[in-house]
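Shown next: model.txt, given as compact mmCIF, N, CA and C atoms.
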# COMPACT_ATOMS: atom_id res chain seq x y z
N MET L 1402 0.87 -24.70 -5.26
CA MET L 1402 1.78 -24.02 -4.36
C MET L 1402 2.54 -22.94 -5.14
N THR L 1403 2.68 -21.79 -4.52
CA THR L 1403 3.47 -20.71 -5.11
C THR L 1403 4.60 -20.33 -4.15
N VAL L 1404 5.69 -19.86 -4.72
CA VAL L 1404 6.82 -19.35 -3.94
C VAL L 1404 7.36 -18.15 -4.69
N ARG L 1405 7.56 -17.03 -3.96
CA ARG L 1405 8.15 -15.83 -4.53
C ARG L 1405 9.20 -15.29 -3.57
N LEU L 1406 10.27 -14.71 -4.10
CA LEU L 1406 11.28 -14.03 -3.30
C LEU L 1406 11.09 -12.54 -3.52
N ILE L 1407 10.89 -11.80 -2.42
CA ILE L 1407 10.57 -10.37 -2.51
C ILE L 1407 11.57 -9.59 -1.64
N PRO L 1408 12.27 -8.61 -2.21
CA PRO L 1408 13.13 -7.77 -1.37
C PRO L 1408 12.29 -7.04 -0.33
N TYR L 1409 12.79 -6.97 0.91
CA TYR L 1409 12.09 -6.34 2.01
C TYR L 1409 13.01 -5.27 2.59
N LEU L 1410 12.59 -4.02 2.51
CA LEU L 1410 13.41 -2.90 2.95
C LEU L 1410 12.93 -2.42 4.32
N VAL L 1411 13.83 -2.44 5.29
CA VAL L 1411 13.51 -1.99 6.65
C VAL L 1411 14.13 -0.60 6.83
N MET L 1412 13.27 0.36 7.10
CA MET L 1412 13.68 1.76 7.20
C MET L 1412 13.66 2.20 8.67
N ASP L 1413 14.27 3.35 8.93
CA ASP L 1413 14.36 3.86 10.29
C ASP L 1413 13.44 5.05 10.49
N GLY L 1414 12.14 4.83 10.25
CA GLY L 1414 11.15 5.89 10.45
C GLY L 1414 10.84 6.69 9.19
N ASN L 1415 11.47 6.35 8.07
CA ASN L 1415 11.23 7.10 6.85
C ASN L 1415 10.67 6.23 5.72
N ALA L 1416 9.98 5.15 6.07
CA ALA L 1416 9.40 4.26 5.05
C ALA L 1416 8.34 4.99 4.22
N LYS L 1417 7.50 5.82 4.86
CA LYS L 1417 6.48 6.57 4.09
C LYS L 1417 7.15 7.42 3.02
N GLU L 1418 8.22 8.10 3.41
CA GLU L 1418 8.95 8.95 2.47
C GLU L 1418 9.54 8.11 1.34
N ALA L 1419 10.11 6.95 1.68
CA ALA L 1419 10.70 6.07 0.66
C ALA L 1419 9.63 5.56 -0.30
N ILE L 1420 8.48 5.16 0.25
CA ILE L 1420 7.39 4.67 -0.60
C ILE L 1420 6.95 5.75 -1.58
N HIS L 1421 6.78 6.97 -1.08
CA HIS L 1421 6.38 8.09 -1.94
C HIS L 1421 7.45 8.33 -3.01
N PHE L 1422 8.71 8.31 -2.59
CA PHE L 1422 9.81 8.53 -3.54
C PHE L 1422 9.80 7.47 -4.64
N TYR L 1423 9.70 6.19 -4.28
CA TYR L 1423 9.71 5.13 -5.29
C TYR L 1423 8.44 5.15 -6.14
N LYS L 1424 7.33 5.57 -5.54
CA LYS L 1424 6.10 5.68 -6.31
C LYS L 1424 6.30 6.67 -7.45
N GLU L 1425 6.91 7.80 -7.15
CA GLU L 1425 7.15 8.83 -8.17
C GLU L 1425 8.31 8.45 -9.09
N ALA L 1426 9.43 8.05 -8.52
CA ALA L 1426 10.64 7.80 -9.31
C ALA L 1426 10.53 6.57 -10.20
N LEU L 1427 9.80 5.54 -9.73
CA LEU L 1427 9.73 4.27 -10.46
C LEU L 1427 8.33 3.97 -10.99
N ASN L 1428 7.43 4.95 -10.88
CA ASN L 1428 6.05 4.75 -11.31
C ASN L 1428 5.42 3.53 -10.62
N ALA L 1429 5.68 3.42 -9.34
CA ALA L 1429 5.22 2.27 -8.56
C ALA L 1429 3.75 2.44 -8.15
N GLU L 1430 3.12 1.32 -7.92
CA GLU L 1430 1.75 1.27 -7.43
C GLU L 1430 1.78 0.77 -5.99
N VAL L 1431 1.11 1.48 -5.08
CA VAL L 1431 1.04 1.03 -3.69
C VAL L 1431 -0.06 -0.03 -3.61
N LEU L 1432 0.33 -1.25 -3.24
CA LEU L 1432 -0.63 -2.35 -3.13
C LEU L 1432 -1.21 -2.47 -1.73
N PHE L 1433 -0.39 -2.14 -0.72
CA PHE L 1433 -0.82 -2.28 0.67
C PHE L 1433 -0.01 -1.33 1.53
N HIS L 1434 -0.66 -0.75 2.54
CA HIS L 1434 0.04 0.13 3.48
C HIS L 1434 -0.67 0.06 4.82
N GLN L 1435 0.09 -0.21 5.88
CA GLN L 1435 -0.48 -0.26 7.23
C GLN L 1435 0.53 0.32 8.21
N SER L 1436 0.05 1.20 9.09
CA SER L 1436 0.92 1.76 10.13
C SER L 1436 0.82 0.89 11.38
N PHE L 1437 1.77 1.09 12.29
CA PHE L 1437 1.71 0.38 13.57
C PHE L 1437 0.41 0.71 14.30
N GLY L 1438 -0.06 1.96 14.16
CA GLY L 1438 -1.29 2.38 14.82
C GLY L 1438 -2.54 1.71 14.27
N GLU L 1439 -2.46 1.17 13.05
CA GLU L 1439 -3.61 0.50 12.43
C GLU L 1439 -3.63 -1.00 12.74
N MET L 1440 -2.60 -1.51 13.37
CA MET L 1440 -2.56 -2.94 13.70
C MET L 1440 -3.53 -3.23 14.84
N PRO L 1441 -3.99 -4.48 14.96
CA PRO L 1441 -4.83 -4.83 16.11
C PRO L 1441 -4.08 -4.58 17.41
N GLU L 1442 -4.79 -4.05 18.39
CA GLU L 1442 -4.15 -3.75 19.68
C GLU L 1442 -3.82 -5.03 20.42
N ASN L 1443 -2.67 -5.02 21.10
CA ASN L 1443 -2.24 -6.12 21.95
C ASN L 1443 -1.84 -5.52 23.28
N PRO L 1444 -2.62 -5.76 24.36
CA PRO L 1444 -2.32 -5.15 25.65
C PRO L 1444 -0.95 -5.53 26.19
N GLU L 1445 -0.41 -6.67 25.76
CA GLU L 1445 0.91 -7.10 26.23
C GLU L 1445 2.03 -6.29 25.58
N PHE L 1446 1.75 -5.72 24.40
CA PHE L 1446 2.74 -4.93 23.68
C PHE L 1446 2.10 -3.65 23.16
N PRO L 1447 1.83 -2.69 24.06
CA PRO L 1447 1.19 -1.45 23.61
C PRO L 1447 2.11 -0.68 22.66
N ILE L 1448 1.50 -0.03 21.69
CA ILE L 1448 2.24 0.76 20.70
C ILE L 1448 2.44 2.16 21.25
N PRO L 1449 3.70 2.59 21.41
CA PRO L 1449 3.93 3.96 21.87
C PRO L 1449 3.44 4.98 20.86
N ALA L 1450 3.06 6.14 21.33
CA ALA L 1450 2.51 7.18 20.45
C ALA L 1450 3.45 7.51 19.31
N GLU L 1451 4.77 7.55 19.56
CA GLU L 1451 5.72 7.92 18.52
C GLU L 1451 5.87 6.85 17.44
N ALA L 1452 5.30 5.67 17.66
CA ALA L 1452 5.40 4.59 16.67
C ALA L 1452 4.15 4.46 15.81
N LYS L 1453 3.06 5.07 16.23
CA LYS L 1453 1.78 4.82 15.56
C LYS L 1453 1.76 5.21 14.08
N ASP L 1454 2.53 6.23 13.69
CA ASP L 1454 2.55 6.65 12.28
C ASP L 1454 3.60 5.92 11.46
N ARG L 1455 4.47 5.16 12.12
CA ARG L 1455 5.48 4.41 11.37
C ARG L 1455 4.81 3.28 10.60
N VAL L 1456 5.44 2.87 9.51
CA VAL L 1456 4.91 1.82 8.64
C VAL L 1456 5.21 0.45 9.25
N SER L 1457 4.17 -0.32 9.52
CA SER L 1457 4.38 -1.69 10.01
C SER L 1457 4.57 -2.64 8.84
N HIS L 1458 3.89 -2.37 7.72
CA HIS L 1458 4.09 -3.16 6.51
C HIS L 1458 3.47 -2.44 5.32
N ALA L 1459 4.20 -2.48 4.20
CA ALA L 1459 3.68 -1.92 2.95
C ALA L 1459 4.26 -2.73 1.80
N THR L 1460 3.51 -2.77 0.71
CA THR L 1460 3.97 -3.42 -0.51
C THR L 1460 3.70 -2.49 -1.67
N ILE L 1461 4.71 -2.31 -2.52
CA ILE L 1461 4.53 -1.56 -3.75
C ILE L 1461 4.89 -2.48 -4.92
N LYS L 1462 4.38 -2.13 -6.08
CA LYS L 1462 4.66 -2.92 -7.28
C LYS L 1462 5.34 -2.00 -8.29
N VAL L 1463 6.50 -2.43 -8.75
CA VAL L 1463 7.27 -1.71 -9.76
C VAL L 1463 7.33 -2.62 -10.97
N GLY L 1464 6.61 -2.28 -12.01
CA GLY L 1464 6.52 -3.18 -13.16
C GLY L 1464 5.88 -4.49 -12.71
N GLU L 1465 6.60 -5.58 -12.86
CA GLU L 1465 6.11 -6.90 -12.43
C GLU L 1465 6.67 -7.34 -11.09
N THR L 1466 7.45 -6.47 -10.43
CA THR L 1466 8.16 -6.84 -9.21
C THR L 1466 7.58 -6.11 -8.00
N GLU L 1467 7.50 -6.81 -6.89
CA GLU L 1467 7.05 -6.19 -5.65
C GLU L 1467 8.23 -5.87 -4.75
N LEU L 1468 8.10 -4.81 -3.99
CA LEU L 1468 9.02 -4.45 -2.92
C LEU L 1468 8.19 -4.30 -1.65
N MET L 1469 8.70 -4.80 -0.54
CA MET L 1469 8.01 -4.66 0.74
C MET L 1469 8.81 -3.72 1.63
N PHE L 1470 8.10 -3.03 2.51
CA PHE L 1470 8.71 -2.04 3.40
C PHE L 1470 8.17 -2.18 4.81
N SER L 1471 8.97 -1.78 5.77
CA SER L 1471 8.50 -1.49 7.11
C SER L 1471 9.49 -0.55 7.75
N ASP L 1472 9.05 0.11 8.81
CA ASP L 1472 9.94 0.89 9.66
C ASP L 1472 10.33 0.02 10.84
N THR L 1473 11.47 0.33 11.42
CA THR L 1473 11.81 -0.31 12.68
C THR L 1473 10.86 0.20 13.75
N PHE L 1474 10.67 -0.59 14.77
CA PHE L 1474 9.92 -0.16 15.94
C PHE L 1474 10.85 0.76 16.73
N PRO L 1475 10.37 1.87 17.30
CA PRO L 1475 11.27 2.77 18.04
C PRO L 1475 12.10 2.00 19.07
N GLY L 1476 13.38 2.27 19.04
CA GLY L 1476 14.29 1.60 19.97
C GLY L 1476 15.00 0.40 19.37
N GLN L 1477 14.47 -0.14 18.26
CA GLN L 1477 15.16 -1.26 17.61
C GLN L 1477 16.37 -0.73 16.87
N PRO L 1478 17.45 -1.50 16.85
CA PRO L 1478 18.63 -1.03 16.14
C PRO L 1478 18.40 -1.00 14.64
N HIS L 1479 19.02 -0.05 13.99
CA HIS L 1479 18.95 0.07 12.53
C HIS L 1479 20.32 0.51 12.05
N GLN L 1480 20.80 -0.14 11.03
CA GLN L 1480 22.09 0.22 10.47
C GLN L 1480 21.97 0.30 8.96
N SER L 1481 22.29 1.45 8.39
CA SER L 1481 22.24 1.59 6.94
C SER L 1481 23.12 0.53 6.30
N GLY L 1482 22.61 -0.04 5.22
CA GLY L 1482 23.33 -1.10 4.54
C GLY L 1482 22.86 -2.48 4.94
N SER L 1483 22.19 -2.59 6.08
CA SER L 1483 21.70 -3.90 6.51
C SER L 1483 20.18 -3.94 6.53
N GLN L 1484 19.55 -2.97 5.86
CA GLN L 1484 18.10 -2.89 5.94
C GLN L 1484 17.37 -3.71 4.89
N VAL L 1485 18.07 -4.50 4.10
CA VAL L 1485 17.42 -5.31 3.09
C VAL L 1485 17.43 -6.77 3.50
N SER L 1486 16.27 -7.39 3.46
CA SER L 1486 16.16 -8.83 3.68
C SER L 1486 15.36 -9.41 2.51
N ILE L 1487 15.30 -10.71 2.44
CA ILE L 1487 14.53 -11.38 1.40
C ILE L 1487 13.30 -11.99 2.05
N CYS L 1488 12.14 -11.68 1.53
CA CYS L 1488 10.89 -12.26 2.03
C CYS L 1488 10.51 -13.42 1.13
N ILE L 1489 10.55 -14.62 1.67
CA ILE L 1489 10.10 -15.79 0.93
C ILE L 1489 8.61 -15.93 1.20
N THR L 1490 7.82 -15.76 0.16
CA THR L 1490 6.37 -15.79 0.28
C THR L 1490 5.83 -17.05 -0.38
N THR L 1491 5.00 -17.77 0.37
CA THR L 1491 4.40 -18.99 -0.16
C THR L 1491 2.96 -19.07 0.32
N ASP L 1492 2.18 -19.90 -0.34
CA ASP L 1492 0.80 -20.14 0.10
C ASP L 1492 0.68 -21.50 0.78
N ASP L 1493 1.81 -22.11 1.10
CA ASP L 1493 1.84 -23.46 1.66
C ASP L 1493 2.60 -23.45 2.99
N ALA L 1494 1.88 -23.59 4.11
CA ALA L 1494 2.50 -23.53 5.43
C ALA L 1494 3.54 -24.63 5.63
N ALA L 1495 3.31 -25.81 5.08
CA ALA L 1495 4.29 -26.89 5.21
C ALA L 1495 5.60 -26.51 4.51
N MET L 1496 5.50 -25.86 3.35
CA MET L 1496 6.69 -25.41 2.63
C MET L 1496 7.39 -24.31 3.42
N ALA L 1497 6.62 -23.43 4.05
CA ALA L 1497 7.21 -22.37 4.87
C ALA L 1497 8.05 -22.99 5.99
N HIS L 1498 7.51 -24.03 6.64
CA HIS L 1498 8.26 -24.71 7.71
C HIS L 1498 9.53 -25.36 7.16
N LYS L 1499 9.44 -25.94 5.98
CA LYS L 1499 10.61 -26.58 5.37
C LYS L 1499 11.71 -25.55 5.09
N PHE L 1500 11.33 -24.42 4.49
CA PHE L 1500 12.29 -23.36 4.21
C PHE L 1500 12.92 -22.85 5.51
N PHE L 1501 12.08 -22.56 6.50
CA PHE L 1501 12.55 -22.00 7.76
C PHE L 1501 13.54 -22.96 8.43
N ASP L 1502 13.16 -24.24 8.53
CA ASP L 1502 14.03 -25.22 9.18
C ASP L 1502 15.36 -25.37 8.47
N ALA L 1503 15.34 -25.31 7.14
CA ALA L 1503 16.58 -25.44 6.38
C ALA L 1503 17.47 -24.21 6.58
N LEU L 1504 16.88 -23.02 6.57
CA LEU L 1504 17.67 -21.80 6.70
C LEU L 1504 18.22 -21.59 8.10
N LYS L 1505 17.55 -22.10 9.12
CA LYS L 1505 18.05 -21.89 10.48
C LYS L 1505 19.22 -22.81 10.84
N ASP L 1506 19.50 -23.82 10.02
CA ASP L 1506 20.63 -24.72 10.25
C ASP L 1506 21.93 -23.92 10.15
N GLY L 1507 22.59 -23.73 11.25
CA GLY L 1507 23.82 -22.95 11.29
C GLY L 1507 23.58 -21.45 11.34
N GLY L 1508 22.32 -21.05 11.37
CA GLY L 1508 21.97 -19.62 11.39
C GLY L 1508 21.43 -19.21 12.74
N GLN L 1509 20.71 -18.10 12.74
CA GLN L 1509 20.15 -17.57 13.98
C GLN L 1509 18.70 -17.14 13.76
N VAL L 1510 17.82 -17.64 14.60
CA VAL L 1510 16.39 -17.32 14.51
C VAL L 1510 16.14 -15.96 15.14
N GLY L 1511 15.54 -15.06 14.37
CA GLY L 1511 15.14 -13.75 14.90
C GLY L 1511 13.75 -13.80 15.50
N MET L 1512 12.85 -14.51 14.83
CA MET L 1512 11.48 -14.72 15.31
C MET L 1512 11.08 -16.13 14.88
N PRO L 1513 10.74 -16.99 15.83
CA PRO L 1513 10.35 -18.35 15.47
C PRO L 1513 9.16 -18.34 14.51
N LEU L 1514 9.11 -19.31 13.62
CA LEU L 1514 7.99 -19.44 12.70
C LEU L 1514 6.73 -19.74 13.51
N GLN L 1515 5.72 -18.89 13.35
CA GLN L 1515 4.52 -19.01 14.19
C GLN L 1515 3.34 -18.35 13.51
N GLU L 1516 2.16 -18.66 14.00
CA GLU L 1516 0.95 -18.01 13.52
C GLU L 1516 0.90 -16.60 14.09
N THR L 1517 0.54 -15.64 13.24
CA THR L 1517 0.38 -14.25 13.65
C THR L 1517 -0.98 -13.77 13.17
N PHE L 1518 -1.34 -12.54 13.50
CA PHE L 1518 -2.63 -12.03 13.03
C PHE L 1518 -2.65 -11.85 11.52
N PHE L 1519 -1.47 -11.81 10.88
CA PHE L 1519 -1.42 -11.57 9.44
C PHE L 1519 -0.97 -12.77 8.62
N SER L 1520 -0.60 -13.86 9.29
CA SER L 1520 -0.10 -15.03 8.54
C SER L 1520 -0.23 -16.29 9.38
N PRO L 1521 -0.57 -17.40 8.74
CA PRO L 1521 -0.63 -18.66 9.48
C PRO L 1521 0.76 -19.20 9.85
N ALA L 1522 1.81 -18.72 9.19
CA ALA L 1522 3.18 -19.13 9.52
C ALA L 1522 4.14 -18.03 9.07
N TYR L 1523 4.65 -17.25 10.04
CA TYR L 1523 5.58 -16.17 9.76
C TYR L 1523 6.74 -16.24 10.75
N GLY L 1524 7.93 -15.97 10.27
CA GLY L 1524 9.10 -15.87 11.14
C GLY L 1524 10.25 -15.29 10.35
N ASN L 1525 11.35 -15.02 11.05
CA ASN L 1525 12.54 -14.58 10.32
C ASN L 1525 13.77 -15.23 10.89
N VAL L 1526 14.73 -15.42 10.01
CA VAL L 1526 15.95 -16.14 10.35
C VAL L 1526 17.10 -15.57 9.53
N THR L 1527 18.26 -15.47 10.16
CA THR L 1527 19.47 -15.09 9.45
C THR L 1527 20.26 -16.36 9.23
N ASP L 1528 20.56 -16.66 7.97
CA ASP L 1528 21.23 -17.92 7.67
C ASP L 1528 22.72 -17.86 8.02
N LYS L 1529 23.40 -18.96 7.83
CA LYS L 1529 24.81 -19.06 8.22
C LYS L 1529 25.72 -18.15 7.40
N PHE L 1530 25.19 -17.54 6.33
CA PHE L 1530 25.96 -16.61 5.52
C PHE L 1530 25.67 -15.15 5.87
N GLY L 1531 24.79 -14.94 6.87
CA GLY L 1531 24.45 -13.59 7.30
C GLY L 1531 23.32 -12.95 6.52
N ILE L 1532 22.60 -13.72 5.70
CA ILE L 1532 21.47 -13.20 4.93
C ILE L 1532 20.19 -13.41 5.73
N THR L 1533 19.42 -12.35 5.91
CA THR L 1533 18.18 -12.44 6.68
C THR L 1533 17.02 -12.73 5.73
N PHE L 1534 16.25 -13.74 6.10
CA PHE L 1534 15.06 -14.14 5.36
C PHE L 1534 13.83 -14.00 6.26
N GLN L 1535 12.78 -13.44 5.71
CA GLN L 1535 11.47 -13.47 6.35
C GLN L 1535 10.67 -14.55 5.61
N ILE L 1536 10.07 -15.44 6.36
CA ILE L 1536 9.22 -16.47 5.77
C ILE L 1536 7.78 -16.06 6.03
N PHE L 1537 7.02 -15.86 4.96
CA PHE L 1537 5.66 -15.38 5.07
C PHE L 1537 4.73 -16.32 4.32
N THR L 1538 3.73 -16.82 5.03
CA THR L 1538 2.71 -17.68 4.42
C THR L 1538 1.46 -16.84 4.19
N GLU L 1539 0.98 -16.82 2.96
CA GLU L 1539 -0.20 -16.06 2.62
C GLU L 1539 -1.46 -16.76 3.09
N GLY L 1540 -2.49 -15.98 3.39
CA GLY L 1540 -3.80 -16.53 3.70
C GLY L 1540 -3.90 -17.16 5.07
N ARG L 1541 -5.04 -17.75 5.30
CA ARG L 1541 -5.33 -18.46 6.55
C ARG L 1541 -5.48 -19.92 6.23
N GLN L 1542 -4.72 -20.78 6.92
CA GLN L 1542 -4.80 -22.21 6.64
C GLN L 1542 -5.13 -22.98 7.90
Starting from the file, give its structure as structure tokens.
Amino acid sequence: MTVRLIPYLVMDGNAKEAIHFYKEALNAEVLFHQSFGEMPENPEFPIPAEAKDRVSHATIKVGETELMFSDTFPGQPHQSGSQVSICITTDDAAMAHKFFDALKDGGQVGMPLQETFFSPAYGNVTDKFGITFQIFTEGRQ
């Protein structure tokens, strides 16, 4: 079992610019980049044209550390200063559930822990101290 804590930066439509900036300024390597337009289509939640170029998820590596990025979906609130969350990444779905259940005690669930097209167990929760955590399980289990 592995567990990593990764800073996750949520931008307001300028994630591509931030990734390019950090790539140059910090000699970062882009490990993954996907736009909303590259995600699998879901007829229940069509992607508006103005969102297709926004970053749905990206990971860069600075030295030995990873940073994750995404843009907000158009219309979602964004406030400077609150765009950083912690992504708890594990390869163990049972551990992901344990972390999620512990963090939601006294907190607020933003997205219930659930299987998604990119993770067997993903969700986000803001704990009782106001810190937002994304719980991400790697791979398919």
Next on the checklist: Run DSSP on the backbone and tell me which residues of region 1406-1444 of chain L come out as strand (DSSP E or B); list them as a ChimeraX atom specification.
Outcome noted: /L:1406-1412,1430-1436
Checklist entry - Counting only C-alpha atoms, what is within 8 Å of His1434 (chain L), bar same-chain residues fewer than 2 positions away, as a ChimeraX atom specification? => result /L:1431-1432,1436,1456,1458-1460
Checklist entry - If you count only C-alpha atoms, which residues fall within 10 Å of Met1512 (chain L), apart from same-chain ones fewer than 2 positions away, as a PyMOL selection string? => result chain L and resi 1509-1510+1514-1515+1523-1527+1535-1536
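For the pair atom C of Phe1446 (chain L) and atom N of Asp1528 (chain L), the separation is 27.2 Å.
CA of Val1411 (chain L) to atom C of Phe1474 (chain L) spans 10.8 Å [interatomic distance, one decimal].
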Checklist entry - Using only C-alpha atoms, which of L:His1479, L:Lys1462, L:Lys1529, L:His1498 sits nearest Tyr1423 (chain L)? => result L:Lys1462
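Of the residues under consideration (L:Glu1418, L:Glu1539, L:Asp1413, L:Leu1468), L:Glu1539 shows the shortest atom-to-atom contact distance to Asp1492 (chain L) when counting only N, CA and C atoms.
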Next on the checklist: I'd like to know which of L:Ala1452, L:Val1404, L:Lys1424, L:Ala1419 is closest to Phe1437 (chain L), using only N, CA and C atoms.
Outcome noted: L:Ala1452
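Nearest residue to Ser1457 (chain L), choosing from L:Gln1435, L:Gly1476, L:Met1440, L:Gly1540 and counting all atoms listed in the file: L:Gln1435.
One finds atom C of Asp1454 (chain L) at 8.6 Å from atom N of Asn1415 (chain L).
In terms of minimum interatomic distance to Thr1491 (chain L), L:Phe1537 ranks closest within L:Tyr1409, L:Phe1537, L:Phe1518, L:Phe1530, counting only C-alpha atoms.
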Item to check | All helix (DSSP H, G or I) positions in chain L, as a list in words | outcome: Ala1416, Lys1417, Glu1418, Ala1419, Ile1420, His1421, Phe1422, Tyr1423, Lys1424, Glu1425, Ala1426, Phe1437, Gly1438, Glu1439, Ala1450, Glu1451, Ala1452, Ala1494, Ala1495, Met1496, Ala1497, His1498, Lys1499, Phe1500, Phe1501, Asp1502, Ala1503, Leu1504 and Lys1505 of chain L
So that I can check the surroundings of Val1485 (chain L), please list as a compact mmCIF listing (two decimals) with N, CA and C atoms, keeping the file's coordinate frame every protein, DNA and RNA residue that reaches within 10 Å of it, counting only C-alpha atoms and ignoring chain neighbours fewer than 2 positions away.
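Listing of around-v2.txt after writing:
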# COMPACT_ATOMS: atom_id res chain seq x y z
N PRO L 1408 12.27 -8.61 -2.21
CA PRO L 1408 13.13 -7.77 -1.37
C PRO L 1408 12.29 -7.04 -0.33
N TYR L 1409 12.79 -6.97 0.91
CA TYR L 1409 12.09 -6.34 2.01
C TYR L 1409 13.01 -5.27 2.59
N LEU L 1410 12.59 -4.02 2.51
CA LEU L 1410 13.41 -2.90 2.95
C LEU L 1410 12.93 -2.42 4.32
N VAL L 1411 13.83 -2.44 5.29
CA VAL L 1411 13.51 -1.99 6.65
C VAL L 1411 14.13 -0.60 6.83
N MET L 1412 13.27 0.36 7.10
CA MET L 1412 13.68 1.76 7.20
C MET L 1412 13.66 2.20 8.67
N MET L 1469 8.70 -4.80 -0.54
CA MET L 1469 8.01 -4.66 0.74
C MET L 1469 8.81 -3.72 1.63
N PHE L 1470 8.10 -3.03 2.51
CA PHE L 1470 8.71 -2.04 3.40
C PHE L 1470 8.17 -2.18 4.81
N SER L 1481 22.29 1.45 8.39
CA SER L 1481 22.24 1.59 6.94
C SER L 1481 23.12 0.53 6.30
N GLY L 1482 22.61 -0.04 5.22
CA GLY L 1482 23.33 -1.10 4.54
C GLY L 1482 22.86 -2.48 4.94
N SER L 1483 22.19 -2.59 6.08
CA SER L 1483 21.70 -3.90 6.51
C SER L 1483 20.18 -3.94 6.53
N ILE L 1487 15.30 -10.71 2.44
CA ILE L 1487 14.53 -11.38 1.40
C ILE L 1487 13.30 -11.99 2.05
N CYS L 1488 12.14 -11.68 1.53
CA CYS L 1488 10.89 -12.26 2.03
C CYS L 1488 10.51 -13.42 1.13
N ILE L 1532 22.60 -13.72 5.70
CA ILE L 1532 21.47 -13.20 4.93
C ILE L 1532 20.19 -13.41 5.73
N THR L 1533 19.42 -12.35 5.91
CA THR L 1533 18.18 -12.44 6.68
C THR L 1533 17.02 -12.73 5.73
N PHE L 1534 16.25 -13.74 6.10
CA PHE L 1534 15.06 -14.14 5.36
C PHE L 1534 13.83 -14.00 6.26
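Minimum distance to Pro1475 (chain L) across L:Ile1407, L:Ile1448, L:Leu1427, L:Ile1420 (counting only C-alpha atoms) occurs at L:Ile1448.
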